[in-house]
>>> print(open('data04.tsv').read())   # TSV, C-alpha atoms and all ligand atoms
chain	number	residue	atom	x	y	z
A	11	MET	CA	-5.32	-21.37	0.92
A	12	VAL	CA	-4.10	-18.84	3.48
A	13	ALA	CA	-2.64	-21.56	5.70
A	14	GLU	CA	-0.69	-22.96	2.75
A	15	ALA	CA	0.53	-19.48	1.79
A	16	ALA	CA	1.55	-18.77	5.39
A	17	ALA	CA	3.43	-22.06	5.72
A	18	ALA	CA	5.19	-21.47	2.39
A	19	ALA	CA	6.15	-18.00	3.63
A	20	GLY	CA	7.80	-19.49	6.73
A	21	TRP	CA	5.10	-18.99	9.36
A	22	GLU	CA	4.52	-21.78	11.85
A	23	VAL	CA	0.80	-22.44	11.35
A	24	LEU	CA	-0.65	-23.69	14.65
A	25	GLY	CA	-4.22	-24.20	13.47
A	26	PHE	CA	-7.46	-22.36	12.79
A	27	CYS	CA	-10.39	-20.85	14.71
A	28	ASP	CA	-13.98	-21.40	13.62
A	29	ASP	CA	-17.31	-21.03	15.42
A	30	ARG	CA	-18.52	-24.42	14.20
A	31	PRO	CA	-17.30	-27.11	16.63
A	32	ASP	CA	-17.27	-29.68	13.82
A	33	ALA	CA	-15.25	-27.52	11.38
A	34	ARG	CA	-12.39	-29.45	9.77
A	35	LEU	CA	-9.40	-28.39	7.67
A	36	PRO	CA	-6.96	-31.06	6.45
A	37	GLY	CA	-3.78	-31.10	8.49
A	38	LEU	CA	-4.83	-28.27	10.83
A	39	ASP	CA	-6.15	-28.36	14.39
A	40	ARG	CA	-9.21	-26.34	15.41
A	41	LEU	CA	-7.94	-24.06	18.20
A	42	GLY	CA	-11.30	-22.66	19.28
A	43	ALA	CA	-14.08	-20.28	18.31
A	44	LEU	CA	-13.48	-17.17	16.19
A	45	ARG	CA	-13.84	-14.72	19.06
A	46	SER	CA	-11.61	-16.62	21.45
A	47	PRO	CA	-8.31	-17.35	19.72
A	48	PRO	CA	-5.58	-18.72	21.98
A	49	PRO	CA	-3.77	-15.92	23.84
A	50	GLY	CA	-0.34	-14.86	22.69
A	51	VAL	CA	-0.59	-16.02	19.09
A	52	VAL	CA	-0.54	-13.97	15.89
A	53	ILE	CA	-3.67	-14.49	13.81
A	54	HIS	CA	-4.73	-13.88	10.22
A	55	LEU	CA	-8.34	-13.14	9.24
A	56	SER	CA	-8.87	-15.74	6.53
A	57	VAL	CA	-12.40	-14.54	5.77
A	58	GLY	CA	-13.47	-13.35	2.32
A	59	ASP	CA	-16.66	-11.51	3.31
A	60	LEU	CA	-15.79	-7.86	3.93
A	61	HIS	CA	-18.51	-7.22	6.54
A	62	ALA	CA	-17.42	-10.26	8.54
A	63	ARG	CA	-13.78	-9.18	8.28
A	64	ARG	CA	-14.58	-5.68	9.51
A	65	ALA	CA	-16.53	-7.13	12.47
A	66	LEU	CA	-13.59	-9.35	13.42
A	67	MET	CA	-10.84	-6.73	13.24
A	68	GLY	CA	-10.77	-6.11	16.98
A	69	LEU	CA	-10.18	-9.78	17.62
A	70	ALA	CA	-6.46	-9.69	18.28
A	71	SER	CA	-3.66	-7.30	19.02
A	72	ALA	CA	-1.34	-8.92	16.51
A	73	PHE	CA	-2.19	-9.89	12.92
A	74	ALA	CA	0.04	-11.78	10.51
A	75	THR	CA	0.82	-10.29	7.12
A	76	VAL	CA	1.15	-13.23	4.74
A	77	VAL	CA	3.02	-12.85	1.46
A	78	HIS	CA	3.15	-16.00	-0.67
A	79	PRO	CA	6.76	-16.61	-1.77
A	80	SER	CA	5.73	-16.70	-5.44
A	81	ALA	CA	4.36	-13.14	-5.24
A	82	VAL	CA	6.45	-10.29	-6.63
A	83	VAL	CA	6.37	-7.25	-4.35
A	84	SER	CA	8.37	-4.11	-5.14
A	85	GLU	CA	10.76	-2.94	-2.45
A	86	THR	CA	9.08	0.46	-2.63
A	87	ALA	CA	5.58	-0.93	-2.01
A	88	GLU	CA	4.11	-0.47	1.49
A	89	ILE	CA	2.13	-3.44	2.79
A	90	GLY	CA	-0.07	-3.04	5.88
A	91	VAL	CA	-0.81	-5.34	8.80
A	92	GLY	CA	-2.93	-8.45	8.36
A	93	VAL	CA	-2.65	-8.31	4.57
A	94	LEU	CA	-2.69	-11.40	2.35
A	95	VAL	CA	-0.64	-11.26	-0.85
A	96	GLY	CA	-1.60	-14.44	-2.70
A	97	ALA	CA	0.32	-16.71	-5.01
A	98	ARG	CA	1.66	-15.05	-8.17
A	99	ALA	CA	0.36	-11.63	-7.23
A	100	VAL	CA	2.40	-8.68	-8.52
A	101	VAL	CA	2.62	-5.43	-6.55
A	102	GLN	CA	4.58	-2.72	-8.31
A	103	GLY	CA	6.53	0.28	-7.08
A	104	ARG	CA	5.16	2.85	-4.60
A	105	VAL	CA	1.90	0.95	-4.16
A	106	GLN	CA	0.30	1.55	-0.74
A	107	VAL	CA	-1.72	-1.34	0.67
A	108	SER	CA	-3.66	-0.61	3.89
A	109	ASP	CA	-4.30	-3.02	6.77
A	110	GLN	CA	-6.39	-6.18	6.32
A	111	VAL	CA	-6.44	-6.03	2.53
A	112	ILE	CA	-6.70	-9.23	0.48
A	113	LEU	CA	-4.63	-9.21	-2.71
A	114	ASN	CA	-5.82	-12.55	-3.99
A	115	THR	CA	-4.22	-15.07	-6.34
A	116	GLY	CA	-2.61	-13.59	-9.44
A	117	VAL	CA	-3.70	-9.98	-9.06
A	118	ILE	CA	-1.63	-7.26	-10.71
A	119	ILE	CA	-1.40	-3.94	-8.88
A	120	GLU	CA	0.48	-1.44	-11.04
A	121	HIS	CA	2.63	1.45	-9.83
A	122	ASP	CA	1.39	4.10	-7.39
A	123	CYS	CA	-1.98	2.45	-6.60
A	124	ARG	CA	-3.52	2.96	-3.17
A	125	ILE	CA	-5.73	0.27	-1.64
A	126	GLY	CA	-7.93	1.12	1.36
A	127	GLU	CA	-8.37	-0.88	4.55
A	128	ASN	CA	-10.27	-4.18	4.40
A	129	THR	CA	-10.61	-4.16	0.61
A	130	HIS	CA	-10.59	-7.45	-1.31
A	131	ILE	CA	-9.01	-7.59	-4.75
A	132	ALA	CA	-10.27	-10.93	-6.08
A	133	PRO	CA	-8.20	-13.40	-8.14
A	134	GLY	CA	-6.98	-12.22	-11.51
A	135	ALA	CA	-8.02	-8.58	-11.16
A	136	VAL	CA	-5.72	-6.00	-12.73
A	137	LEU	CA	-5.30	-2.41	-11.53
A	138	GLY	CA	-3.54	0.04	-13.84
A	139	GLY	CA	-1.19	2.67	-12.46
A	140	GLU	CA	-2.37	5.28	-9.94
A	141	VAL	CA	-5.70	3.61	-9.24
A	142	ASN	CA	-7.15	4.67	-5.88
A	143	VAL	CA	-9.42	2.10	-4.19
A	144	GLY	CA	-11.23	3.07	-0.98
A	145	PRO	CA	-11.84	0.90	2.09
A	146	ASP	CA	-14.28	-2.07	2.19
A	147	VAL	CA	-14.37	-2.46	-1.59
A	148	LEU	CA	-14.79	-5.78	-3.43
A	149	VAL	CA	-12.94	-5.75	-6.76
A	150	GLY	CA	-14.39	-8.83	-8.48
A	151	LEU	CA	-12.69	-11.74	-10.18
A	152	GLY	CA	-10.80	-10.84	-13.35
A	153	SER	CA	-11.93	-7.23	-13.46
A	154	ARG	CA	-9.81	-4.45	-14.99
A	155	LEU	CA	-9.46	-0.96	-13.54
A	156	LEU	CA	-8.01	1.51	-15.99
A	157	PRO	CA	-5.15	3.77	-14.89
A	158	GLY	CA	-6.10	6.62	-12.59
A	159	VAL	CA	-9.67	5.66	-11.69
A	160	SER	CA	-10.93	6.08	-8.12
A	161	ILE	CA	-13.27	3.62	-6.41
A	162	GLY	CA	-15.29	4.94	-3.46
A	163	ALA	CA	-15.63	3.25	-0.07
A	164	GLY	CA	-17.84	0.18	0.04
A	165	ALA	CA	-18.23	-0.10	-3.73
A	166	THR	CA	-18.47	-3.44	-5.56
A	167	ILE	CA	-16.82	-4.07	-8.92
A	168	GLY	CA	-18.50	-7.06	-10.59
A	169	GLY	CA	-16.49	-9.97	-11.87
A	170	GLY	CA	-15.11	-9.29	-15.37
A	171	ALA	CA	-15.93	-5.58	-15.33
A	172	VAL	CA	-13.75	-3.02	-17.09
A	173	VAL	CA	-13.82	0.19	-15.06
A	174	VAL	CA	-13.13	3.23	-17.22
A	175	ARG	CA	-14.30	6.02	-14.90
A	176	ASP	CA	-14.60	6.75	-11.18
A	177	VAL	CA	-17.07	4.70	-9.12
A	178	PRO	CA	-18.90	6.54	-6.28
A	179	ALA	CA	-18.95	5.12	-2.76
A	180	GLY	CA	-21.33	2.23	-2.20
A	181	GLN	CA	-22.15	1.64	-5.86
A	182	THR	CA	-22.04	-1.67	-7.72
A	183	VAL	CA	-20.83	-1.65	-11.31
A	184	ILE	CA	-20.73	-4.45	-13.89
A	185	GLY	CA	-19.90	-4.96	-17.53
A	186	VAL	CA	-17.65	-3.58	-20.24
A	187	PRO	CA	-17.44	-0.65	-19.88
A	188	ALA	CA	-18.63	-0.90	-16.28
A	189	ARG	CA	-21.96	0.73	-15.51
A	190	SER	CA	-23.80	1.22	-12.24
A	191	VAL	CA	-26.58	-1.24	-11.33
A	201	LIG	C1	-21.97	-7.96	-9.48
A	201	LIG	C2	-22.41	-8.91	-8.38
A	201	LIG	C3	-22.00	-8.35	-7.01
A	201	LIG	C4	-23.93	-9.01	-8.45
A	201	LIG	O1	-24.38	-9.90	-7.51
A	201	LIG	P1	-25.98	-10.15	-7.34
A	201	LIG	O2	-26.63	-8.87	-6.94
A	201	LIG	O3	-26.13	-11.32	-6.45
A	201	LIG	O4	-26.44	-10.42	-8.83
A	201	LIG	P2	-27.26	-11.68	-9.41
A	201	LIG	O5	-26.41	-12.91	-9.36
A	201	LIG	O6	-28.59	-11.69	-8.74
A	201	LIG	O7	-27.43	-11.25	-10.92
A	201	LIG	C5	-28.28	-10.19	-11.32
A	201	LIG	C6	-28.12	-10.00	-12.81
A	201	LIG	O8	-26.83	-9.42	-13.08
A	201	LIG	C7	-26.06	-10.28	-13.95
A	201	LIG	N1	-24.70	-10.25	-13.43
A	201	LIG	C8	-24.29	-10.62	-12.19
A	201	LIG	N2	-22.98	-10.42	-12.06
A	201	LIG	C9	-22.55	-9.92	-13.23
A	201	LIG	C10	-21.27	-9.52	-13.69
A	201	LIG	N3	-20.20	-9.58	-12.90
A	201	LIG	N4	-21.17	-9.04	-14.94
A	201	LIG	C11	-22.24	-8.97	-15.74
A	201	LIG	N5	-23.50	-9.33	-15.37
A	201	LIG	C12	-23.63	-9.80	-14.10
A	201	LIG	C13	-26.72	-11.64	-13.84
A	201	LIG	O9	-26.51	-12.41	-15.00
A	201	LIG	C14	-28.17	-11.26	-13.64
A	201	LIG	O10	-28.70	-10.91	-14.89
A	201	LIG	P3	-30.24	-11.28	-15.31
A	201	LIG	O11	-31.08	-10.55	-14.30
A	201	LIG	O12	-30.35	-10.76	-16.70
A	201	LIG	O13	-30.33	-12.75	-15.17
A	201	LIG	C15	-21.78	-10.31	-8.51
A	201	LIG	O14	-22.37	-11.06	-9.55
A	201	LIG	C16	-20.29	-10.27	-8.74
A	201	LIG	O15	-19.78	-10.12	-9.87
A	201	LIG	N6	-19.55	-10.42	-7.61
A	201	LIG	C17	-18.12	-10.54	-7.60
A	201	LIG	C18	-17.77	-11.88	-6.99
A	201	LIG	C19	-16.29	-12.05	-6.77
A	201	LIG	O16	-15.47	-11.76	-7.62
A	201	LIG	N7	-15.96	-12.54	-5.58
A	201	LIG	C20	-14.60	-12.79	-5.17
A	201	LIG	C21	-14.41	-14.26	-4.92
A	201	LIG	S1	-12.77	-14.61	-4.37
>>> encode(input="data04.tsv", output="structure tokens")
Amino acid sequence: MVAEAAAAAGWEVLGFCDDRPDARLPGLDRLGALRSPPPGVVIHLSVGDLHARRALMGLASAFATVVHPSAVVSETAEIGVGVLVGARAVVQGRVQVSDQVILNTGVIIEHDCRIGENTHIAPGAVLGGEVNVGPDVLVGLGSRLLPGVSIGAGATIGGGAVVVRDVPAGQTVIGVPARSV
């Protein structure tokens, strides 16, 4: 998915790195293991698991920010390094997106939100205005975060949850309205 987004965005995609020697991706060459990418190339961490992403962040000196051409990104939004903005994502004005964030397919990030480093906003999630999401957070598939809520570092928002109040660091919440589990 990331390779297709990158190609559509005009990157020349040389291939992929994977620790499994027999790993295959249609139309892409395996360039080597994860921790030994070819020198001199720009890489993108196409890994959904947040702990694995964090562990791999020192891998390269240059990371590609990939914005799918069908995404709508405000000119006043700030997008960090190594970020993925997936197909049909919408990022509104004055949003701040830190490095290595995944804004997955079809997410809506309303005005003035702040998204911390290495956070993953899963497909179809919607953030109202002025939502503040810390680093290393998983915001699950199709969840809704009401305007102004804050999500602490390392929290997990379950798929389909509706978050109506702040979520402390490290907590997992599910349901409508979302409650800690
Ligand atoms: C919330 C979550 C982290 C819990 O994971 P888990 O600890 O492995 O939970 P389990 O699958 O063991 O389920 C435990 C219980 O919670 C329920 N549950 C799990 N996720 C739920 C959710 N999102 N909303 C409501 N209930 C949920 C299960 O039905 C189960 O209930 P039961 O004990 O009555 O049978 C996970 O289910 C989730 O929603 N992850 C988000 C995934 C996602 O969006 N990934 C991005 C992909 S791109």
>>> residues_near_ligand(input="data04.tsv", ligand="ligand LIG 201 (chain A)", cutoff="8 Å", atoms="only C-alpha atoms and all ligand atoms", output="VMD selection string")
chain A and resid 58 114 130 to 133 148 to 152 166 to 171 182 to 185
>>> atom_distance(input="data04.tsv", atom1="atom CA of Glu22 of chain A", atom2="atom CA of Gly116 of chain A")
23.9 Å
>>> atom_distance(input="data04.tsv", atom1="atom CA of His54 of chain A", atom2="atom CA of Gly92 of chain A")
6.0 Å
>>> atom_distance(input="data04.tsv", atom1="atom CA of Pro31 of chain A", atom2="atom CA of Met67 of chain A")
21.6 Å
>>> closest_residue(input="data04.tsv", among="A:Val76, A:Leu44, A:Leu155, A:Val91", to="Ala18 of chain A", atoms="all atoms listed in the file")
A:Val76
>>> closest_residue(input="data04.tsv", among="A:Ser46, A:Ser80, A:Ser160, A:Thr86", to="Val173 of chain A", atoms="only C-alpha atoms")
A:Ser160
>>> closest_residue(input="data04.tsv", among="A:Ala15, A:Arg124, A:Pro178, A:Trp21", to="Ala99 of chain A", atoms="all atoms listed in the file")
A:Ala15
>>> residues_around(input="data04.tsv", residues="Pro145 of chain A", least_positions_apart="6", cutoff="8 Å", atoms="all atoms listed in the file", output="PyMOL selection string")
chain A and resi 125-129+162-164
>>> axis_aligned_box(input="data04.tsv", around="segment 101-115 of chain A", padding_each_side="5 Å", output="AutoDock Vina command-line options")
--center_x -0.1 --center_y -6.1 --center_z -0.8 --size_x 23.2 --size_y 27.9 --size_z 25.1
>>> closest_residue(input="data04.tsv", among="A:Ile118, A:Val101, A:Ala70, A:Ala165", to="Gly134 of chain A", atoms="only C-alpha atoms")
A:Ile118
>>> residues_near_point(input="data04.tsv", point="(-6.6, -12.5, 1.6)", cutoff="8 Å", atoms="only C-alpha atoms", output="compact mmCIF listing (two decimals) with C-alpha atoms, keeping the file's coordinate frame")
# COMPACT_ATOMS: atom_id res chain seq x y z
CA VAL A 12 -4.10 -18.84 3.48
CA LEU A 55 -8.34 -13.14 9.24
CA SER A 56 -8.87 -15.74 6.53
CA VAL A 57 -12.40 -14.54 5.77
CA GLY A 58 -13.47 -13.35 2.32
CA VAL A 93 -2.65 -8.31 4.57
CA LEU A 94 -2.69 -11.40 2.35
CA VAL A 95 -0.64 -11.26 -0.85
CA GLY A 96 -1.60 -14.44 -2.70
CA GLN A 110 -6.39 -6.18 6.32
CA VAL A 111 -6.44 -6.03 2.53
CA ILE A 112 -6.70 -9.23 0.48
CA LEU A 113 -4.63 -9.21 -2.71
CA ASN A 114 -5.82 -12.55 -3.99
CA HIS A 130 -10.59 -7.45 -1.31
>>> closest_residue(input="data04.tsv", among="A:Ser71, A:Ser108, A:Pro157, A:Arg98", to="Glu120 of chain A", atoms="all atoms listed in the file")
A:Pro157
>>> residues_near_point(input="data04.tsv", point="(2.6, -13.0, 11.9)", cutoff="7 Å", atoms="all atoms listed in the file", output="list in words")
Trp21, Val52, Ile53, Phe73, Ala74 and Thr75 of chain A
>>> closest_residue(input="data04.tsv", among="A:Gly25, A:Val147, A:Pro187, A:Val174", to="His61 of chain A", atoms="only C-alpha atoms")
A:Val147
